[in-house]
Number of protein chains: 4
Amino acid sequence: MSSQYGKKIKISIFGQSHSPAIGVSIDGLPPGIKLDIEELRAFLKRRAPGQNDISTARAEDDIPEILSGLAGNVTCGAPLAIIIRNKDTRSADYRELRDIPRPSHADFAAHIKYGGFQDLAGGGHFSGRLTAPLCAAGGICLQILRGLGISVGAHILRIGSAQDDPFDPVAVSSADFEAILNNPLPVLKPEAGEAMRKQILEAKEKGDSVGGIVECTATGLPAGLGDPMFDGIENRIAGIVFGIPGVKGVEFGSGFAVAGRRGSENNDSFYMDGEKVKTRTNNSGGILGGITNGMPLLFRAAFKPTPSIGMEQDSVSLSKSENAVLQVKGRHDPCIVPRALPCVEAAAAIALYDAYLEQ
Amino acid sequence: MSSQYGKKIKISIFGQSHSPAIGVSIDGLPPGIKLDIEELRAFLKRRAPGQNDISTARAEDDIPEILSGLAGNVTCGAPLAIIIRNKDTRSADYRELRDIPRPSHADFAAHIKYGGFQDLAGGGHFSGRLTAPLCAAGGICLQILRGLGISVGAHILRIGSAQDDPFDPVAVSSADFEAILNNPLPVLKPEAGEAMRKQILEAKEKGDSVGGIVECTATGLPAGLGDPMFDGIENRIAGIVFGIPGVKGVEFGSGFAVAGRRGSENNDSFYMDGEKVKTRTNNSGGILGGITNGMPLLFRAAFKPTPSIGMEQDSVSLSKSENAVLQVKGRHDPCIVPRALPCVEAAAAIALYDAYLEQ
Amino acid sequence: MSSQYGKKIKISIFGQSHSPAIGVSIDGLPPGIKLDIEELRAFLKRRAPGQNDISTARAEDDIPEILSGLAGNVTCGAPLAIIIRNKDTRSADYRELRDIPRPSHADFAAHIKYGGFQDLAGGGHFSGRLTAPLCAAGGICLQILRGLGISVGAHILRIGSAQDDPFDPVAVSSADFEAILNNPLPVLKPEAGEAMRKQILEAKEKGDSVGGIVECTATGLPAGLGDPMFDGIENRIAGIVFGIPGVKGVEFGSGFAVAGRRGSENNDSFYMDGEKVKTRTNNSGGILGGITNGMPLLFRAAFKPTPSIGMEQDSVSLSKSENAVLQVKGRHDPCIVPRALPCVEAAAAIALYDAYLEQ
Amino acid sequence: MSSQYGKKIKISIFGQSHSPAIGVSIDGLPPGIKLDIEELRAFLKRRAPGQNDISTARAEDDIPEILSGLAGNVTCGAPLAIIIRNKDTRSADYRELRDIPRPSHADFAAHIKYGGFQDLAGGGHFSGRLTAPLCAAGGICLQILRGLGISVGAHILRIGSAQDDPFDPVAVSSADFEAILNNPLPVLKPEAGEAMRKQILEAKEKGDSVGGIVECTATGLPAGLGDPMFDGIENRIAGIVFGIPGVKGVEFGSGFAVAGRRGSENNDSFYMDGEKVKTRTNNSGGILGGITNGMPLLFRAAFKPTPSIGMEQDSVSLSKSENAVLQVKGRHDPCIVPRALPCVEAAAAIALYDAYLEQ
């Protein structure tokens, strides 16, 4: 395992789905920053399970307990550690999985890597539950970034065949995502949310699941962040976002669409907007040569459909080395995307704040 | 700058497009590995410029000089350093760019980050030329991996609107990419190569450029490589591939297409193939939970069209803070994709060998 | 702050002297290792305060709570997190120190570095209390190393003017240190312990403190550990041992004494002991060129007298920028050395196990 | 091998004693710093061999060739790479050592670690010659630090039984070490230099060698540098200084002498010197809690006598597994200390500048 990330702020995530607690240590936060603990709780609540009919039934209130790093509510320079107790665990549901791995879940790969010693209960360290400490660290970074004039936000661009409008690459502002962040399905176009909800409930009814895309932006970023070749902003964001379970693709700006274009179409012309250098288009997603250029940062992450589905699936028995049929029990999200959205924001905030501190 | 990558083998890339030399130090190679220097030269030649009418006219033979790390042709445990002399440099072409940044090139972002001290000649450290030492390090890793039964190879999936067939996700073998690696446009379907060549030459004629997609695979990988959450195989590969200039998206397996799918469609069923556990489909691209599962690794990288184009473009004068028109001189590739292909292979090989050594 | 250490096992320590808890996350432990939690508790007890008249009066039972990383008592590959609650805190004792820093304590340097936001209560993150999580991580590494045939142990070589016999550099065995580890003053020569106890109680009576030296060894180490130039065994051990508060010197083998010697005196001749290559002397302390040579590892760490003493001392008022007199309150060890001894063992065990895993 | 060091400036050293070249890549230097190449050459000359009768006869002019990282003589933000060609190599002298390892040299440990594949010629990567690139990187850091008002310098405190006066811990200034830096034996007290020279020549005549101590200081350091627990100034300096071949001990301030002291003797009282907080004594060596306190930094490194001596020594034949007698050929320094002195300055400068940039 290697659940550490960052250069200036170094997060270290620990826990399993059914261990006594999950948590994170954040080393390197500057001293003297006042944190709003209520706001952090509210942010974690956006990711917490069990809140509505499109989420898993597992009930966790996900109240963060801050063990260190503060004097009062102000950072003191020491590592900040946060833990969240696991409460609603039903490990019995997972016994069969030791022998019969779930298709497209980490079970089999982990079995090989950890020699059968991995904690299977609830998916162990591979569980989406481990994104709660990621969100705890990210929620703190989001607060600090906002104090620096930088806002990070996201919407759901797609679930199954239901599609939202994309952010406006040059004009997106924090108002766009702040208005929707408490919706169960944060989208720009309300009818897209309705269509997505329908897709999720249809899948749920059949014991199936559905995938989607989160689009994330950061506004107010200064030009000059990022350290190429291998700590450019794209490397940094991809390096953390691919740590969120289920992500299979990350693209910046126009992303894969650039493959079909000419340079003359794709290049973002510069112009002076008063004293500020801006670009007329933003196919670059705010990043040139791995470095921010002062335009809105834009990226998208593709999430696969939750692999744990209730339908019967073909698998194998590891002990008998023969084919087997599996029916997954346990409680699972029919679509991980709505709860993954704050995780993407959190991951981006950690990556960006770390890059900011490295200047 | 942060041009270091890796945990067990740590590469450190240096150089600028027009500095006396470019190079790489590779720390951590195991001792006792015999290298084939001729093969390394041949690999570097696949990336070298000036070889045909779809590449830049800059003439560099790119002969690697190995300064250390070997005793005979065998690794001795000491860091292996390779340099490549820059020969055909024409720095005068770049004077104007100090004031007028090229749209969608690193010029402007670097100007802000490095306070005007960045080396502009030939794009400095941002030049695609810096992928030569990446290929030197990667060429060595490719050799070593092959000795371990692991083959890494790629083809061009798309240039502009011309599309090749994708690799077969479950049946791809090294024969597929070895057969085509010396083609100027390595594709699976010859007519796709013709169409791509046409797209490139059309763009070139107009002083324009065109983007594309490289699809890369690794076969023979054992199950169990990768260290989630943040050093999973996806994180590792994205973390290095986004260091290749021009990459705007990276996706694994079915990538962004998973967003539109149900779990029941997307999950890869397991079955026993003799004693070996395999999957019937490979939407996961050989990676589950950040860990290889023994199926072929598959990923794609999207390259934007070369931003340096000969057509007039709108930009700004940094000294005068006013709009300006730019016409780029210098010698540039009308499409970076064919020369980027070995870079993608090299990057993947470095990431995979590093993950292999971390087991 | 940067309270992370290690390459393969990465520990991340958090907490302050008076924060709700202190703890450590250990990322990278191999799966499948059965831990003996009772033994870990017993090891932590060796460091715990309040056990006798030569230690601080602060009463902490230091019971470790394992939050993650195990399935049963067996490591599962996920990061192992341990916390210890702080119980007996009296923060009021530290108020005056915000203005008047203690001579030779971190107060002043931390005030400058953290801009006055550092947590002063109990010394905050600079407290010797933070060695409890270091010992928690180290206690686990000690167990694992012993399973590999490697024993790490220490004795007090000196306190004030009282001196113990040194370990025999070539013949030291685990029996030497295992016999004494539960003594309040672990020494090889009982009369040395008596003399040390007298020195400590004399200092305590006067409200003063006294320094000392811990000598540590590791037996059973295979030849070949260590990664020069900068991850050699000396670099690794010094890099962690200097993280224990109060350490002002670290030396290996004959250490500073080598300065006065000829090569012909200092060189350790090789000879065959059956099939094994050994050295007749061990001035090298088991390390040549940063790499273990199979002989016992030997190093010493010098600890300064506890800076917090009850006597009146000259200092300054930071708010008034004028000289001031300070009388330290709070509960402090008159000699940190006895409680620092298991910390040195813990630090060495972490460094050595990390080097072992890097092979 | 792991010849990388640093967090903000990351040096990567490569080369072997007899490889075509040795060198270093320095990643992370800020842009816009004008370097004085002549001064760098002069600094490297202080370490270069073959200059007088107390040094090895190997003749190397050690002219640095800068391959990248500059635009003009000004840093441009790209990694700065420097190489030095090896010229006067006589590899034949080292053939016997493949079978019969030199006592107290790295030969045996390296043989085990690298499975017999290590480069033996001239000591390979373990050679003191690898301190030339360390000095190249350090020489650059020394220049930059001086521009920031920070001076790093050293003197020889001891060789064999000949002893110099120590630096004055509170009043040492750059004038003290600048006055002596070009002496073959830089000492504060000329008669100490005479005595040292005598010790070296006596040892040389007998085919023997002799050890010593370098004392190093840094003046003008701001308070507040260092990142405890594990990146404190002591950890950082020890972590690099133990990478210089032959170092067996590192101590700060009063070092090992603190073991015999009471707190009331050892504590450094604060007082106001105008607006500046100073300490009346400096037993702390300018470091409290791992952080600089604004007083002069002081540390000492103990060097063992060169293990390569001309006298007959007992060793073993690795191929025959039997005792053997060895007589070392090749050219060696009878005392490494004079040439190691600039290496200690270089190492300290790298560590301090890296800590400075991490603020």
# chains A, B, ... in the order shown; residues from 1 in each chain; ligands from 1
>>> select_by_dssp(residues="stretch 195-283 of chain A", states="strand (DSSP E)", output="list of chain:residue names")
A:Gly212, A:Ile213, A:Val214, A:Glu215, A:Cys216, A:Thr217, A:Ala218, A:Thr219, A:Val247, A:Lys248, A:Gly249, A:Val250, A:Glu251, A:Phe252, A:Phe270, A:Tyr271, A:Met272, A:Asp273, A:Lys276, A:Val277, A:Lys278, A:Thr279
>>> write_last_selection(atoms="N, CA and C atoms", output="short mmCIF file (atom, residue, chain, number, x, y, z; two decimals), in the first residue's frame")
data_model
loop_
_atom_site.label_atom_id
_atom_site.label_comp_id
_atom_site.auth_asym_id
_atom_site.auth_seq_id
_atom_site.Cartn_x
_atom_site.Cartn_y
_atom_site.Cartn_z
N GLY A 212 -20.40 7.17 -14.80
CA GLY A 212 -20.60 8.58 -15.08
C GLY A 212 -19.31 9.38 -15.12
N ILE A 213 -19.47 10.68 -15.30
CA ILE A 213 -18.33 11.60 -15.41
C ILE A 213 -18.54 12.78 -14.48
N VAL A 214 -17.51 13.13 -13.72
CA VAL A 214 -17.51 14.35 -12.93
C VAL A 214 -16.63 15.38 -13.63
N GLU A 215 -17.14 16.59 -13.77
CA GLU A 215 -16.32 17.68 -14.31
C GLU A 215 -16.01 18.64 -13.18
N CYS A 216 -14.75 19.00 -13.05
CA CYS A 216 -14.30 19.81 -11.92
C CYS A 216 -13.55 21.03 -12.42
N THR A 217 -13.68 22.12 -11.71
CA THR A 217 -12.98 23.35 -12.09
C THR A 217 -12.36 24.00 -10.86
N ALA A 218 -11.37 24.83 -11.11
CA ALA A 218 -10.82 25.68 -10.06
C ALA A 218 -10.69 27.08 -10.64
N THR A 219 -11.28 28.03 -9.96
CA THR A 219 -11.24 29.41 -10.43
C THR A 219 -10.43 30.25 -9.46
N VAL A 247 -12.10 5.36 -10.82
CA VAL A 247 -11.73 6.30 -11.89
C VAL A 247 -10.95 5.55 -12.97
N LYS A 248 -11.38 5.69 -14.22
CA LYS A 248 -10.68 5.02 -15.33
C LYS A 248 -10.13 5.99 -16.37
N GLY A 249 -10.41 7.28 -16.22
CA GLY A 249 -9.87 8.25 -17.17
C GLY A 249 -9.86 9.64 -16.57
N VAL A 250 -8.84 10.42 -16.92
CA VAL A 250 -8.74 11.81 -16.48
C VAL A 250 -8.32 12.63 -17.69
N GLU A 251 -9.02 13.72 -17.96
CA GLU A 251 -8.63 14.58 -19.08
C GLU A 251 -8.76 16.04 -18.68
N PHE A 252 -7.94 16.87 -19.29
CA PHE A 252 -7.88 18.29 -18.96
C PHE A 252 -8.30 19.13 -20.16
N PHE A 270 -4.14 34.43 -27.02
CA PHE A 270 -4.04 35.37 -25.90
C PHE A 270 -4.63 36.72 -26.28
N TYR A 271 -5.11 37.43 -25.28
CA TYR A 271 -5.48 38.84 -25.47
C TYR A 271 -5.37 39.54 -24.13
N MET A 272 -5.30 40.85 -24.17
CA MET A 272 -5.23 41.63 -22.94
C MET A 272 -6.65 41.97 -22.50
N ASP A 273 -6.97 41.61 -21.26
CA ASP A 273 -8.25 42.03 -20.67
C ASP A 273 -7.86 43.04 -19.59
N LYS A 276 -4.64 42.18 -17.55
CA LYS A 276 -4.50 40.74 -17.37
C LYS A 276 -4.42 40.03 -18.72
N VAL A 277 -3.49 39.09 -18.81
CA VAL A 277 -3.41 38.26 -20.02
C VAL A 277 -4.43 37.14 -19.89
N LYS A 278 -5.32 37.03 -20.86
CA LYS A 278 -6.30 35.94 -20.86
C LYS A 278 -6.27 35.22 -22.21
N THR A 279 -7.01 34.12 -22.27
CA THR A 279 -7.13 33.43 -23.55
C THR A 279 -8.60 33.45 -23.97
#
>>> interface_residues(of="chain D", to="chain C", cutoff="6 Å", atoms="only C-alpha atoms", output="ChimeraX atom specification")
/D:1-3,103-104,106,109,112-113,160-161,208-213,224,227-231,235,239,242-243,248-252,255-256,258-263,267-272,288-289,291,293,302-305,307,314-316,322-323
>>> residues_around(residues="D:Leu67", least_positions_apart="4", cutoff="10 Å", atoms="only C-alpha atoms", output="list of chain:residue names")
B:Phe14, B:Gly15, B:Gln16, B:Ser19, B:Pro20, B:Ala21, B:Ile22, B:Gly23, B:Ile83, B:Arg85, B:Asn86, D:Ser25, D:Pro79, D:Leu80, D:Ala81, D:Ile82, D:Ile83
>>> atom_distance(atom1="atom CA of B:Ile150", atom2="atom CA of B:Gly220")
4.5 Å
>>> atom_distance(atom1="atom CA of D:Ile54", atom2="atom CA of D:Asp333")
7.1 Å
>>> select_by_dssp(residues="stretch 158-354 of chain B", states="helix (DSSP H, G or I)", output="number ranges by chain")
B: 174-178, 190-205, 233-241, 255-260, 263-266, 337-354
>>> atom_distance(atom1="atom CA of A:Ala154", atom2="atom CA of A:Ala195")
18.3 Å
>>> closest_residue(among="B:Lys204, B:Gln327, B:Gly138, B:Ser55", to="B:Leu352", atoms="only C-alpha atoms")
B:Gly138
>>> closest_residue(among="A:Val74, A:Ser12, A:Ile156, A:Asp99", to="A:Ile336", atoms="only C-alpha atoms")
A:Ile156
